[in-house]
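Participant: Have a look at this one before I ask anything.
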Amino acid sequence: MLKADLDFEKGEFSNSEKSFLEAKKIARTIGDLSLEITITKNYTNKFLNISSIAENLELILELKNWALLQNIDSLTFKMYRMTIQQYVVLGERMDLRKQCADSMLIIAKRLDRNDLLAFSYYSLGTATNGSEAIQNYRNALNFSNWEEDKVMFSSTLNNLSNKYRIAGDYVSALNCADSAYIASEAIGREEGMAASMYRSAQAYLAKGDFDQAIIDGKESLRIFKSAGILRRQDNCAMVISDAYRGLGDYKDALYYFELRSLLEDSLKLMLQSDEALFVDRKMEYELTSKKDSLSYSQEREINSLELENVNNLLTKERMQRYVLFGGGAVGLVFIIVLWVMIHRIRKDNNLIALQKTLVEDKNKEIMASIAYAKRIQSAILPQAKLVKEFLKESFILYKPKDIVAGDFYWMETVGKKVLFAAADCTGHGVPGAMVSVVCNNALNRSVREHGITDPGEILNGTRSIVVQEFEKSSEDVKDGMDIAICTLEGYTLEYAGANNPLWIVRNGELLITKANKQPIGKFDNPEPYTSHTVQLQKEDTIYIFSDGYVDQFGGEKGKKFKAAAFKELLLGIQPEPMESQKKILDETFESWKGDNDQVDDVCVIGVRV
């Protein structure tokens with residue numbers, strides 16, 4: 001078999017094939033099954049792109065039939081497994097793969113071997129769909145050994161995660177992806193880790209958690225790049241693009257869509273390059289095979305010395321022409337393939353350059369429009385001078401994720417009462433900003449037109465106006481906002497909230513007043529918002545905020561900041577003046593975020609009485 005390998009490396013494919021088949025015959029004669037299996041696998045792998053798959057299947061089928069006659073179950077199982085591998089190259093061929101997998105399962109049950117049962121059910125999972133595939137993969141896991149084969153365990157979990165996602169069971173899909181990541185991480189298998197993050201990103205995208213889909217998609221893309229694996233990078237970029245589009249971030253969505261196209265084209269070019277490398281091999285193999293066949297045929301037809309001399313002369317001349325033509329054909333094919341590749345690359349580069357120019361021009365127009373939208377949004381926000389006039393000891397930490405934001409802060413005065421609020425509208429960026437204008441206007445109308453100062457009644461009126469505005473649309477608009485609103489007069493504080501709570505720090509303790517669990521907007525079975533009255537004490541500090549701060553991913557493990565850490569932070573900065581608190585909150589947020597993208601708008605209001 002060593003000679004067969006050496007001949008193959010030198011490009012002498014005909015000699016290599018003869019050596020492989022001769023070695024296989026010897027292994028059969030001496031009864032060395034292990035050697036015969038090794039030779040067959042080596043042959044089919046090497047000649048996969050040169051000889052026909054039908055020939056490979058014929059060899060495997062021959063060995064499988066012999067194993068069946070000899071009742072050698074373990075060998076028969078291996079041959080079915082190799083058959084499935086060949087069918088995968090041919091295409092889906094789900095019916096034939098399922099037949100092989102069913103036969104493997106019968107053998108595995110007869111041998112009562114868990115490892116064979118696991119692989120049989122895994123093969124059935126790849127050849128089936130829906131609930132049947134899920135059950136097959138679950139059976140494979142039941143018979144898998146985590147400690148002995150983490151690659152098999154991880155691959156099964158990743159495939160099962162995909163089936164659960166398709167079925168709409170996102171919790172199970174995410175659990176499987178997490179477990180698959182742990183298995184791959186334990187053996188340092190980067191491709192498995194990246195595949196698990198990709199499955200996780202797919203599941204988060206399907207369930208509508210676009211922020212987490214972006215985080216996991218980017219991590220998957222990073223690992224694939226680090227491992228030098230070009231395939232699947234285009235799929236990762238597409239998931240990220242779809243997630244950004246779901247958030248309304250069309251700038252980043254376009255960027256990753258274009259990246260996906262470039263990665264897809266790069267993969268195609270790589271495959272074309274690989275295919276071109278096999279052109280010489282395959283042509284030489286076919287020419288050599290024809291040459292050998294011709295020589296053999298001629299030898300059998302020689303009946304006389306004269307005829308032999310004539311035929312030899314003719315054969316020599318023909319072979320010279322044939323070899324010359326064949327060599328020219330090989331060179332011509334190579335030149336044609338190379339020319340096509342260069343022409344295609346140039347064409348693609350020109351197209352990319354044109355697309356880049358169009359995108360840059362369009363991007364300039366969009367950015368100019370967004371910049372103007374920022375001026376409009378800034379105009380509806382209370383000016384810092386006005387806030388300080390009525391709330392002397394206060395701060396507002398306002399950090400839009402993009403140029404414009406879905407979060408906004410609001411303030412109004414009625415007599416001696418100061419009304420202020422922190423609001424979080426659906427989405428962020430341009431879509432969020434459009435919703436914020438509608439909601440801000442509804443707040444103003446509730447107070448200014450109707451003279452309402454009770455926080456709960458303000459939210460009731462605001463909800464009615466927002467719902468009426470969105471019902472004017474021909475489409476079903478479910479956008480709205482979460483909000484915490486306060487009315488302060490002396491030491492009397494009134495509060496109402498739609499999903500966003502009120503926090504008060506008093507003497508080192510945190511007092512929490514919960515909000516109604518319903519947004520401002522369309523909601524099934526809505527209830528009136530509840531107003532809460534709190535008698536404040538001197539040095540009490542009031543905090544209302546959106547969820548952007550606590551939901552930010554960062555730190556060493558890339559996790560959310562979370563409410564518990566936010567509570568500790570606020571309690572720890574109480575001795576500081578309000579402006580110093582704002583600075584500490586801002587620096588802490590940026591330090592936690594690090595190199596991660598900001599996931600949402602941030603709005604935190606603090607007031608000390």
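Each chain in the structure tokens gets a letter, A, B, ..., in the order shown, and its residues are numbered from 1; ligands are numbered from 1 in order too.
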Using only C-alpha atoms, which protein or nucleic acid residues come within 12 Å of Gly208 of chain A? Drop anything in the same chain fewer than 6 positions from it, and give the result as a list in words.

Facilitator: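 Using only C-alpha atoms, the neighbours found are Gly168, Tyr170, Ala201, Gln202, Ile214, Val239, Asp242, Ala243, Tyr244, Arg245, Gly246 and Leu247 of chain A.
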
Participant: Skipping near chain neighbours, those fewer than 3 positions away, what residues fall within 8 Å of Met104 of chain A using only C-alpha atoms, listed as a PyMOL selection string?

Facilitator: chain A and resi 77+80-81+100-101+107-108+116+120

Participant: Just give me the gap between atom CA of Val604 of chain A and atom CA of Ala564 of chain A in Å, one decimal is fine.

Facilitator: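 So the answer is 15.8 Å.
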
Participant: Would you list the contacts of Val430 of chain A as JSON, numbers by chain, taking every protein, DNA or RNA residue within 8 Å and counting only C-alpha atoms, but skipping same-chain residues closer than 5 positions in sequence?

Facilitator: {"A": [248, 249, 370, 404, 405, 406]}

Participant: Env of Ser155 of chain A: 9 Å cut, atoms = only C-alpha atoms, seq-sep filter 3 positions within chain, self excluded. Answer as a ChimeraX atom specification.

Facilitator: /A:150-152,158-160,180,184,192,195-196

Participant: Using only C-alpha atoms, can you tell me which of A:Tyr398, A:Gln552, A:Ile452, A:Tyr543 comes closest to Asp586 of chain A?

Facilitator: A:Tyr398

Participant: Neighbouring residues of Trp503 of chain A were defined as those with any atom within 10 Å, considering only C-alpha atoms; residues of the same chain fewer than 6 positions away were excluded. Please report them as a list of chain:residue names.

Facilitator: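 So, after excluding close chain neighbours, the residues are A:Leu510, A:Leu511, A:Ile512, A:Thr513, A:Lys514, A:Thr541, A:Ile542, A:Tyr543, A:Ile544, A:Phe545, A:Lys567, A:Leu570, A:Gly606.
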
Participant: Could you please take those selected residues and save N, CA and C atoms as a PDB file, in the first residue's frame?

Facilitator:
```pdb
ATOM      1  N   LEU A 510     -31.909  50.381  49.884  1.00  0.00           N
ATOM      2  CA  LEU A 510     -32.588  50.619  48.617  1.00  0.00           C
ATOM      3  C   LEU A 510     -34.061  50.270  48.757  1.00  0.00           C
ATOM      4  N   LEU A 511     -34.931  51.255  48.492  1.00  0.00           N
ATOM      5  CA  LEU A 511     -36.381  51.051  48.524  1.00  0.00           C
ATOM      6  C   LEU A 511     -36.879  50.994  47.079  1.00  0.00           C
ATOM      7  N   ILE A 512     -37.600  49.924  46.755  1.00  0.00           N
ATOM      8  CA  ILE A 512     -38.048  49.712  45.369  1.00  0.00           C
ATOM      9  C   ILE A 512     -39.572  49.767  45.305  1.00  0.00           C
ATOM     10  N   THR A 513     -40.078  50.578  44.388  1.00  0.00           N
ATOM     11  CA  THR A 513     -41.516  50.606  44.101  1.00  0.00           C
ATOM     12  C   THR A 513     -41.712  50.036  42.702  1.00  0.00           C
ATOM     13  N   LYS A 514     -42.454  48.936  42.604  1.00  0.00           N
ATOM     14  CA  LYS A 514     -42.599  48.230  41.337  1.00  0.00           C
ATOM     15  C   LYS A 514     -43.582  48.928  40.401  1.00  0.00           C
ATOM     16  N   THR A 541     -32.295  59.814  47.737  1.00  0.00           N
ATOM     17  CA  THR A 541     -31.905  59.945  46.333  1.00  0.00           C
ATOM     18  C   THR A 541     -32.820  59.086  45.478  1.00  0.00           C
ATOM     19  N   ILE A 542     -33.422  59.707  44.452  1.00  0.00           N
ATOM     20  CA  ILE A 542     -34.392  59.050  43.567  1.00  0.00           C
ATOM     21  C   ILE A 542     -33.679  58.645  42.275  1.00  0.00           C
ATOM     22  N   TYR A 543     -33.976  57.410  41.802  1.00  0.00           N
ATOM     23  CA  TYR A 543     -33.414  56.948  40.530  1.00  0.00           C
ATOM     24  C   TYR A 543     -34.526  56.327  39.673  1.00  0.00           C
ATOM     25  N   ILE A 544     -34.615  56.785  38.439  1.00  0.00           N
ATOM     26  CA  ILE A 544     -35.454  56.133  37.428  1.00  0.00           C
ATOM     27  C   ILE A 544     -34.588  55.937  36.188  1.00  0.00           C
ATOM     28  N   PHE A 545     -34.874  54.888  35.420  1.00  0.00           N
ATOM     29  CA  PHE A 545     -33.927  54.537  34.352  1.00  0.00           C
ATOM     30  C   PHE A 545     -34.571  53.572  33.359  1.00  0.00           C
ATOM     31  N   LYS A 567     -27.527  47.884  41.592  1.00  0.00           N
ATOM     32  CA  LYS A 567     -27.910  48.261  42.951  1.00  0.00           C
ATOM     33  C   LYS A 567     -26.682  48.532  43.806  1.00  0.00           C
ATOM     34  N   LEU A 570     -25.033  51.872  42.836  1.00  0.00           N
ATOM     35  CA  LEU A 570     -25.741  53.057  43.319  1.00  0.00           C
ATOM     36  C   LEU A 570     -25.559  53.242  44.821  1.00  0.00           C
ATOM     37  N   GLY A 606     -31.047  60.745  38.157  1.00  0.00           N
ATOM     38  CA  GLY A 606     -30.879  60.724  39.604  1.00  0.00           C
ATOM     39  C   GLY A 606     -31.235  62.088  40.192  1.00  0.00           C
TER      40      GLY A 606
END
```

Participant: Excluding same-chain residues fewer than 6 positions from segment 482-495 of chain A, what lies within 10 Å of it counting only C-alpha atoms, as number ranges by chain?

Facilitator: A: 391, 407-426, 453-456, 458-459, 501-502, 513-521, 530-538, 540, 542-547, 609

Participant: Rounded to one decimal in Å, what is the spacing between atom CA of Asp524 of chain A and atom CA of Glu457 of chain A?

Facilitator: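 Rounded to one decimal, the two atoms are 19.0 Å apart.
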
Participant: Compare A:Thr588, A:Asn500, A:Thr76, A:Gln581 by their minimum atom-to-atom distance to Ala565 of chain A, counting only C-alpha atoms, and give me the closest one.

Facilitator: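 Nearest candidate to Ala565 of chain A out of A:Thr588, A:Asn500, A:Thr76, A:Gln581: A:Thr588.
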
Participant: Between atom CA of Gly217 of chain A and atom CA of Ile240 of chain A, what is the distance, to one decimal in Å?

Facilitator: 5.7 Å

Participant: Within segment 406-504 of chain A, find each residue whose DSSP state, derived from the backbone, is strand (DSSP E or B), and express the selection as an MDAnalysis selection string.

Facilitator: chainID A and resid 407:414 417:425 480:489 492:499 502:504

Participant: Export, as a short mmCIF file (atom, residue, chain, number, x, y, z; two decimals), in the first residue's frame, the selected residues with C-alpha atoms.

Facilitator:
```cif
data_model
loop_
_atom_site.label_atom_id
_atom_site.label_comp_id
_atom_site.auth_asym_id
_atom_site.auth_seq_id
_atom_site.Cartn_x
_atom_site.Cartn_y
_atom_site.Cartn_z
CA ASP A 407 -34.80 56.37 24.95
CA PHE A 408 -35.66 59.92 26.00
CA TYR A 409 -36.08 61.96 29.18
CA TRP A 410 -38.95 64.37 29.80
CA MET A 411 -39.76 67.18 32.22
CA GLU A 412 -42.71 69.55 32.78
CA THR A 413 -43.76 71.92 35.55
CA VAL A 414 -47.32 72.57 36.73
CA LYS A 417 -44.99 70.42 40.92
CA VAL A 418 -42.05 69.17 38.87
CA LEU A 419 -42.83 66.26 36.61
CA PHE A 420 -39.98 64.19 35.16
CA ALA A 421 -39.69 60.83 33.43
CA ALA A 422 -37.25 58.33 31.86
CA ALA A 423 -38.74 56.54 28.87
CA ASP A 424 -37.62 53.58 26.74
CA CYS A 425 -39.40 53.22 23.38
CA GLY A 480 -44.85 51.70 22.42
CA MET A 481 -42.72 52.46 25.45
CA ASP A 482 -41.73 51.54 28.99
CA ILE A 483 -41.57 54.52 31.35
CA ALA A 484 -41.10 55.67 34.93
CA ILE A 485 -42.72 59.06 35.70
CA CYS A 486 -42.52 61.10 38.91
CA THR A 487 -44.21 64.20 40.32
CA LEU A 488 -42.19 66.00 42.98
CA GLU A 489 -43.55 68.76 45.25
CA THR A 492 -43.90 64.45 48.45
CA LEU A 493 -43.18 62.17 45.54
CA GLU A 494 -45.80 60.53 43.35
CA TYR A 495 -44.78 57.79 40.94
CA ALA A 496 -46.27 55.51 38.29
CA GLY A 497 -44.49 53.11 35.97
CA ALA A 498 -45.01 51.02 32.86
CA ASN A 499 -42.53 48.15 33.38
CA LEU A 502 -38.69 53.57 41.02
CA TRP A 503 -35.60 53.17 43.22
CA ILE A 504 -34.98 55.34 46.30
#
```

Participant: Find, counting only C-alpha atoms, the residue in A:Gln212, A:Thr29, A:Asn441, A:Asn145 that gets nearest to Ala183 of chain A.

Facilitator: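 Comparing A:Gln212, A:Thr29, A:Asn441, A:Asn145 against Ala183 of chain A, the winner is A:Asn145.
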